[in-house]
$ cat target.cif   # mmCIF, C-alpha atoms
data_start
#
loop_
_atom_site.group_PDB
_atom_site.id
_atom_site.type_symbol
_atom_site.label_atom_id
_atom_site.label_comp_id
_atom_site.auth_asym_id
_atom_site.auth_seq_id
_atom_site.Cartn_x
_atom_site.Cartn_y
_atom_site.Cartn_z
ATOM 1 C CA MET A 1 10.472 7.791 -84.169
ATOM 2 C CA SER A 2 13.339 5.347 -84.083
ATOM 3 C CA HIS A 3 14.497 3.655 -80.911
ATOM 4 C CA ALA A 4 17.839 5.510 -81.094
ATOM 5 C CA THR A 5 16.146 8.925 -80.808
ATOM 6 C CA LEU A 6 14.066 8.119 -77.739
ATOM 7 C CA THR A 7 14.926 10.126 -74.652
ATOM 8 C CA PRO A 8 15.222 8.377 -71.278
ATOM 9 C CA SER A 9 11.786 9.728 -70.342
ATOM 10 C CA GLY A 10 10.394 8.510 -73.677
ATOM 11 C CA GLU A 11 11.815 5.057 -73.045
ATOM 12 C CA LEU A 12 10.341 5.019 -69.569
ATOM 13 C CA GLU A 13 6.941 6.048 -70.919
ATOM 14 C CA ARG A 14 7.117 3.302 -73.556
ATOM 15 C CA ASP A 15 8.094 0.724 -70.923
ATOM 16 C CA VAL A 16 5.241 1.788 -68.644
ATOM 17 C CA ARG A 17 2.730 1.609 -71.512
ATOM 18 C CA ARG A 18 3.986 -1.860 -72.444
ATOM 19 C CA HIS A 19 3.759 -3.004 -68.824
ATOM 20 C CA LEU A 20 0.207 -1.652 -68.477
ATOM 21 C CA HIS A 21 -0.800 -3.281 -71.764
ATOM 22 C CA HIS A 22 0.517 -6.689 -70.701
ATOM 23 C CA HIS A 23 -0.966 -6.522 -67.190
ATOM 24 C CA TRP A 24 -4.182 -4.584 -67.744
ATOM 25 C CA LYS A 25 -6.370 -7.441 -66.478
ATOM 26 C CA GLY A 26 -4.599 -7.527 -63.116
ATOM 27 C CA TYR A 27 -4.939 -3.762 -62.746
ATOM 28 C CA ALA A 28 -8.615 -3.983 -63.723
ATOM 29 C CA VAL A 29 -9.239 -6.621 -61.039
ATOM 30 C CA GLN A 30 -7.414 -4.491 -58.462
ATOM 31 C CA ALA A 31 -9.475 -1.466 -59.505
ATOM 32 C CA VAL A 32 -12.773 -3.318 -59.171
ATOM 33 C CA LEU A 33 -11.775 -4.580 -55.709
ATOM 34 C CA MET A 34 -10.800 -1.050 -54.668
ATOM 35 C CA MET A 35 -14.114 0.292 -55.933
ATOM 36 C CA ALA A 36 -16.056 -2.440 -54.109
ATOM 37 C CA ALA A 37 -14.185 -1.748 -50.861
ATOM 38 C CA GLY A 38 -14.743 1.980 -51.331
ATOM 39 C CA ALA A 39 -18.464 1.542 -51.943
ATOM 40 C CA LEU A 40 -18.737 -0.697 -48.892
ATOM 41 C CA ALA A 41 -16.884 1.868 -46.756
ATOM 42 C CA ILE A 42 -19.221 4.610 -47.984
ATOM 43 C CA LEU A 43 -22.288 2.485 -47.233
ATOM 44 C CA VAL A 44 -21.036 1.474 -43.764
ATOM 45 C CA PRO A 45 -18.646 4.255 -42.697
ATOM 46 C CA PHE A 46 -18.756 3.315 -38.996
ATOM 47 C CA ALA A 47 -17.458 -0.199 -39.730
ATOM 48 C CA ALA A 48 -14.779 1.191 -42.064
ATOM 49 C CA THR A 49 -13.701 3.717 -39.427
ATOM 50 C CA LEU A 50 -13.541 0.992 -36.775
ATOM 51 C CA ALA A 51 -11.593 -1.356 -39.051
ATOM 52 C CA SER A 52 -9.080 1.290 -40.119
ATOM 53 C CA THR A 53 -8.641 2.512 -36.533
ATOM 54 C CA LEU A 54 -8.028 -1.012 -35.247
ATOM 55 C CA PHE A 55 -5.629 -1.702 -38.112
ATOM 56 C CA PHE A 56 -3.732 1.495 -37.288
ATOM 57 C CA GLY A 57 -3.618 0.552 -33.587
ATOM 58 C CA TRP A 58 -2.259 -2.934 -34.280
ATOM 59 C CA LEU A 59 0.242 -1.478 -36.746
ATOM 60 C CA LEU A 60 1.532 0.969 -34.127
ATOM 61 C CA ALA A 61 1.752 -1.792 -31.531
ATOM 62 C CA ALA A 62 3.750 -3.990 -33.913
ATOM 63 C CA LEU A 63 6.043 -1.097 -34.868
ATOM 64 C CA GLY A 64 6.636 -0.308 -31.193
ATOM 65 C CA LEU A 65 7.480 -3.927 -30.440
ATOM 66 C CA VAL A 66 9.866 -4.127 -33.400
ATOM 67 C CA GLY A 67 11.472 -0.858 -32.285
ATOM 68 C CA LEU A 68 11.982 -2.183 -28.761
ATOM 69 C CA VAL A 69 13.500 -5.443 -30.024
ATOM 70 C CA ALA A 70 15.770 -3.632 -32.493
ATOM 71 C CA THR A 71 16.967 -1.218 -29.811
ATOM 72 C CA ALA A 72 17.563 -4.025 -27.313
ATOM 73 C CA ARG A 73 19.515 -6.017 -29.905
ATOM 74 C CA ALA A 74 21.652 -2.978 -30.748
ATOM 75 C CA GLY A 75 22.529 -2.710 -27.044
ATOM 76 C CA ARG A 76 23.837 0.170 -25.021
ATOM 77 C CA ALA A 77 26.617 0.746 -27.537
ATOM 78 C CA PHE A 78 23.909 2.250 -29.719
ATOM 79 C CA GLY A 79 24.085 6.031 -29.183
ATOM 80 C CA GLY A 80 20.334 6.464 -28.991
ATOM 81 C CA PHE A 81 19.616 3.489 -26.737
ATOM 82 C CA GLY A 82 17.463 5.370 -24.210
ATOM 83 C CA THR A 83 15.646 7.331 -26.896
ATOM 84 C CA GLY A 84 15.062 4.158 -28.927
ATOM 85 C CA LEU A 85 13.553 2.418 -25.905
ATOM 86 C CA ALA A 86 11.359 5.419 -25.088
ATOM 87 C CA ILE A 87 10.067 5.775 -28.658
ATOM 88 C CA GLY A 88 9.480 2.030 -29.007
ATOM 89 C CA ALA A 89 7.628 1.865 -25.694
ATOM 90 C CA ALA A 90 5.540 4.961 -26.459
ATOM 91 C CA THR A 91 4.590 3.595 -29.890
ATOM 92 C CA LEU A 92 3.666 0.220 -28.410
ATOM 93 C CA VAL A 93 1.565 1.808 -25.637
ATOM 94 C CA LEU A 94 -0.159 4.172 -28.096
ATOM 95 C CA GLY A 95 -1.013 1.270 -30.384
ATOM 96 C CA LEU A 96 -2.419 -0.783 -27.515
ATOM 97 C CA LEU A 97 -4.450 2.187 -26.236
ATOM 98 C CA ILE A 98 -6.019 2.576 -29.685
ATOM 99 C CA VAL A 99 -6.816 -1.157 -29.823
ATOM 100 C CA VAL A 100 -8.361 -1.078 -26.337
ATOM 101 C CA ASP A 101 -10.363 2.121 -27.045
ATOM 102 C CA PRO A 102 -10.886 2.410 -30.807
ATOM 103 C CA PHE A 103 -13.297 5.339 -30.385
ATOM 104 C CA ALA A 104 -10.530 7.454 -28.818
ATOM 105 C CA GLY A 105 -8.271 6.334 -31.660
ATOM 106 C CA ALA A 106 -10.914 7.374 -34.193
ATOM 107 C CA VAL A 107 -11.150 10.806 -32.546
ATOM 108 C CA ALA A 108 -7.361 11.142 -32.800
ATOM 109 C CA LEU A 109 -7.360 10.037 -36.456
ATOM 110 C CA THR A 110 -10.208 12.439 -37.251
ATOM 111 C CA THR A 111 -8.290 15.261 -35.580
ATOM 112 C CA LEU A 112 -5.211 14.409 -37.664
ATOM 113 C CA LEU A 113 -7.397 14.326 -40.773
ATOM 114 C CA ALA A 114 -8.733 17.789 -39.892
ATOM 115 C CA ILE A 115 -5.178 19.094 -39.435
ATOM 116 C CA TYR A 116 -4.238 17.616 -42.813
ATOM 117 C CA PHE A 117 -7.208 19.289 -44.545
ATOM 118 C CA MET A 118 -6.420 22.618 -42.860
ATOM 119 C CA LEU A 119 -2.758 22.529 -43.920
ATOM 120 C CA LEU A 120 -3.715 21.416 -47.426
ATOM 121 C CA GLY A 121 -6.236 24.248 -47.659
ATOM 122 C CA LEU A 122 -3.711 26.854 -46.540
ATOM 123 C CA ALA A 123 -1.106 25.524 -48.987
ATOM 124 C CA THR A 124 -3.700 25.602 -51.761
ATOM 125 C CA PHE A 125 -4.482 29.237 -50.955
ATOM 126 C CA ALA A 126 -0.774 30.022 -51.351
ATOM 127 C CA MET A 127 -0.746 28.273 -54.741
ATOM 128 C CA ALA A 128 -3.883 30.163 -55.770
ATOM 129 C CA ASN A 129 -2.170 33.428 -54.890
ATOM 130 C CA ALA A 130 0.843 32.463 -57.008
ATOM 131 C CA PHE A 131 -1.443 31.600 -59.947
ATOM 132 C CA ARG A 132 -3.356 34.864 -59.518
ATOM 133 C CA VAL A 133 -0.163 36.832 -60.093
ATOM 134 C CA SER A 134 0.628 34.816 -63.244
ATOM 135 C CA GLY A 135 -2.878 35.262 -64.633
ATOM 136 C CA GLY A 136 -3.824 31.581 -64.290
ATOM 137 C CA ARG A 137 -7.159 30.210 -63.188
ATOM 138 C CA PHE A 138 -6.486 30.837 -59.535
ATOM 139 C CA TRP A 139 -10.147 30.711 -58.542
ATOM 140 C CA LEU A 140 -10.241 26.914 -58.958
ATOM 141 C CA LEU A 141 -7.367 26.553 -56.510
ATOM 142 C CA ALA A 142 -8.955 29.081 -54.173
ATOM 143 C CA LEU A 143 -12.185 27.068 -54.282
ATOM 144 C CA ALA A 144 -10.259 23.863 -53.484
ATOM 145 C CA GLY A 145 -8.621 25.675 -50.562
ATOM 146 C CA ILE A 146 -12.016 26.793 -49.263
ATOM 147 C CA VAL A 147 -13.339 23.219 -49.523
ATOM 148 C CA ASN A 148 -10.344 21.811 -47.628
ATOM 149 C CA VAL A 149 -10.526 24.410 -44.862
ATOM 150 C CA GLY A 150 -14.291 23.862 -44.682
ATOM 151 C CA LEU A 151 -13.800 20.100 -44.324
ATOM 152 C CA ALA A 152 -11.269 20.683 -41.543
ATOM 153 C CA LEU A 153 -13.625 22.974 -39.643
ATOM 154 C CA PHE A 154 -16.560 20.608 -40.188
ATOM 155 C CA LEU A 155 -14.566 17.700 -38.755
ATOM 156 C CA VAL A 156 -13.335 19.644 -35.719
ATOM 157 C CA VAL A 157 -16.652 21.307 -34.878
ATOM 158 C CA GLY A 158 -18.435 17.957 -35.145
ATOM 159 C CA LEU A 159 -16.058 16.063 -32.845
ATOM 160 C CA PRO A 160 -16.502 13.568 -31.312
ATOM 161 C CA GLY A 161 -19.492 12.677 -33.511
ATOM 162 C CA THR A 162 -17.610 13.021 -36.802
ATOM 163 C CA ALA A 163 -15.025 10.520 -35.546
ATOM 164 C CA VAL A 164 -17.596 7.738 -35.842
ATOM 165 C CA TRP A 165 -17.937 8.021 -39.621
ATOM 166 C CA ALA A 166 -15.460 10.516 -41.128
ATOM 167 C CA VAL A 167 -12.373 8.315 -41.487
ATOM 168 C CA GLY A 168 -14.396 5.471 -43.004
ATOM 169 C CA LEU A 169 -16.321 7.740 -45.376
ATOM 170 C CA PHE A 170 -13.230 9.582 -46.594
ATOM 171 C CA LEU A 171 -11.364 6.289 -46.974
ATOM 172 C CA GLY A 172 -14.296 4.972 -49.020
ATOM 173 C CA ILE A 173 -14.342 8.038 -51.268
ATOM 174 C CA SER A 174 -10.595 7.721 -51.798
ATOM 175 C CA LEU A 175 -10.787 4.021 -52.626
ATOM 176 C CA LEU A 176 -13.731 4.510 -54.970
ATOM 177 C CA SER A 177 -12.162 7.396 -56.889
ATOM 178 C CA SER A 178 -8.720 5.767 -57.032
ATOM 179 C CA GLY A 179 -10.242 2.491 -58.184
ATOM 180 C CA ALA A 180 -12.278 4.237 -60.895
ATOM 181 C CA SER A 181 -9.220 6.045 -62.245
ATOM 182 C CA LEU A 182 -7.156 2.841 -62.158
ATOM 183 C CA LEU A 183 -9.911 0.982 -63.996
ATOM 184 C CA ALA A 184 -10.052 3.697 -66.651
ATOM 185 C CA ALA A 185 -6.270 3.505 -67.093
ATOM 186 C CA ALA A 186 -6.334 -0.306 -67.275
ATOM 187 C CA LEU A 187 -9.107 -0.327 -69.875
ATOM 188 C CA ARG A 188 -7.299 2.341 -71.915
ATOM 189 C CA ALA A 189 -4.092 0.263 -71.795
ATOM 190 C CA ARG A 190 -5.971 -2.805 -73.033
#

$ encode --input "target.cif" --output "C-alpha cells"
Amino acid sequence: MSHATLTPSGELERDVRRHLHHHWKGYAVQAVLMMAAGALAILVPFAATLASTLFFGWLLAALGLVGLVATARAGRAFGGFGTGLAIGAATLVLGLLIVVDPFAGAVALTTLLAIYFMLLGLATFAMANAFRVSGGRFWLLALAGIVNVGLALFLVVGLPGTAVWAVGLFLGISLLSSGASLLAAALRAR
C-alpha cells in the first residue's frame, strides 16, 4: 500500500506502531515496574490499601487548598465565589479527615468501589440483553455482570473488614494485569 492511499486512521496506526517500536524498551521497563508493584500490592494488600488511601487523602487536601486559593484570587467578582469557597473547604477537610483516619477513608473507598462494581454489573446486564436479541454470545456478558454484582455485594457485606484489604488487592490485580498486557505489547513491538 502506498503512502498516498493510507487513510488518516491507517496513518495513525502506522505512527503508533513506529512509536512503540522505537520506545519498546521504555514500555517494557514500565510494564515490569507495574507488575512488581501489582505483585507487591497483592502480597501485602493492607499496606497497599493504606498507601492508596493516604495518597487519596493528601490529593484531596491539596486540591481543596488549590481550590480555596484559586477562588480567593478570583475574588468576589467571581460569580461562584461562595460555592467555590465551600467546595474548596469541604474538599480540604475531607482530605485531612482521610489522612487523620485512613481506616475511615478506606471504608469510604471500598464503598465507592462496591458502587462502581454494582453499576458496572447492571450496565453489563443491559449489554448482555442487547446481545441476546442480536444472537451474540450474551452469556459471557451476563457472567461478567454476575461477577461484578457479586463483587459489589461481597465488598458491602464484608464491611468494614473488606476495607482493610480490598482496595489494595484490586489495585494490585489491576497493576499486574495492565503491566502484563503492556509488556506483551512492548515485546511484540520490538

$ closest_residue --input "target.cif" --among "A:Pro45, A:Gly26, A:Gly10, A:Pro160" --to "Ala106 of chain A" --atoms "only C-alpha atoms"
A:Pro160

$ atom_distance --input "target.cif" --atom1 "atom CA of Ala41 of chain A" --atom2 "atom CA of Gly168 of chain A"
5.8 Å

$ resolve_selection --input "target.cif" --expression "the PyMOL selection byres ((chain A and resi 87) around 12)" --output "number ranges by chain"
A: 60-61, 63-71, 80-86, 88-94

$ atom_distance --input "target.cif" --atom1 "atom CA of Ala189 of chain A" --atom2 "atom CA of Arg17 of chain A"
7.0 Å

$ resolve_selection --input "target.cif" --expression "the PyMOL selection byres ((chain A and resi 119-129) around 8)" --output "PyMOL selection string"
chain A and resi 115-118+130-133+138-142+144-149

$ residues_near_point --input "target.cif" --point "(-11.8, -6.1, -64.0)" --cutoff "12 Å" --atoms "only C-alpha atoms" --output "ChimeraX atom specification"
/A:23-36,179-180,182-187,190

$ write_last_selection --input "target.cif" --atoms "C-alpha atoms" --output "PDB file, in the frame of the given file"
ATOM      1  CA  HIS A  23      -0.966  -6.522 -67.190  1.00  0.00           C
ATOM      2  CA  TRP A  24      -4.182  -4.584 -67.744  1.00  0.00           C
ATOM      3  CA  LYS A  25      -6.370  -7.441 -66.478  1.00  0.00           C
ATOM      4  CA  GLY A  26      -4.599  -7.527 -63.116  1.00  0.00           C
ATOM      5  CA  TYR A  27      -4.939  -3.762 -62.746  1.00  0.00           C
ATOM      6  CA  ALA A  28      -8.615  -3.983 -63.723  1.00  0.00           C
ATOM      7  CA  VAL A  29      -9.239  -6.621 -61.039  1.00  0.00           C
ATOM      8  CA  GLN A  30      -7.414  -4.491 -58.462  1.00  0.00           C
ATOM      9  CA  ALA A  31      -9.475  -1.466 -59.505  1.00  0.00           C
ATOM     10  CA  VAL A  32     -12.773  -3.318 -59.171  1.00  0.00           C
ATOM     11  CA  LEU A  33     -11.775  -4.580 -55.709  1.00  0.00           C
ATOM     12  CA  MET A  34     -10.800  -1.050 -54.668  1.00  0.00           C
ATOM     13  CA  MET A  35     -14.114   0.292 -55.933  1.00  0.00           C
ATOM     14  CA  ALA A  36     -16.056  -2.440 -54.109  1.00  0.00           C
ATOM     15  CA  GLY A 179     -10.242   2.491 -58.184  1.00  0.00           C
ATOM     16  CA  ALA A 180     -12.278   4.237 -60.895  1.00  0.00           C
ATOM     17  CA  LEU A 182      -7.156   2.841 -62.158  1.00  0.00           C
ATOM     18  CA  LEU A 183      -9.911   0.982 -63.996  1.00  0.00           C
ATOM     19  CA  ALA A 184     -10.052   3.697 -66.651  1.00  0.00           C
ATOM     20  CA  ALA A 185      -6.270   3.505 -67.093  1.00  0.00           C
ATOM     21  CA  ALA A 186      -6.334  -0.306 -67.275  1.00  0.00           C
ATOM     22  CA  LEU A 187      -9.107  -0.327 -69.875  1.00  0.00           C
ATOM     23  CA  ARG A 190      -5.971  -2.805 -73.033  1.00  0.00           C
TER      24      ARG A 190
END

$ resolve_selection --input "target.cif" --expression "the PyMOL selection byres ((chain A and resi 104) around 12)" --output "NGL selection string"
:A and (49-50 or 53-54 or 57 or 94-103 or 105-111 or 159-161 or 163-164)

$ closest_residue --input "target.cif" --among "A:Gly38, A:Val16, A:Ala51, A:Ser9" --to "Leu176 of chain A" --atoms "all atoms listed in the file"
A:Gly38

$ axis_aligned_box --input "target.cif" --around "segment 174-180 of chain A" --padding-each-side "3 Å" --output "lines of an AutoDock Vina configuration file"
center_x = -11.2
center_y = 5.1
center_z = -56.3
size_x = 11.0
size_y = 11.2
size_z = 15.1
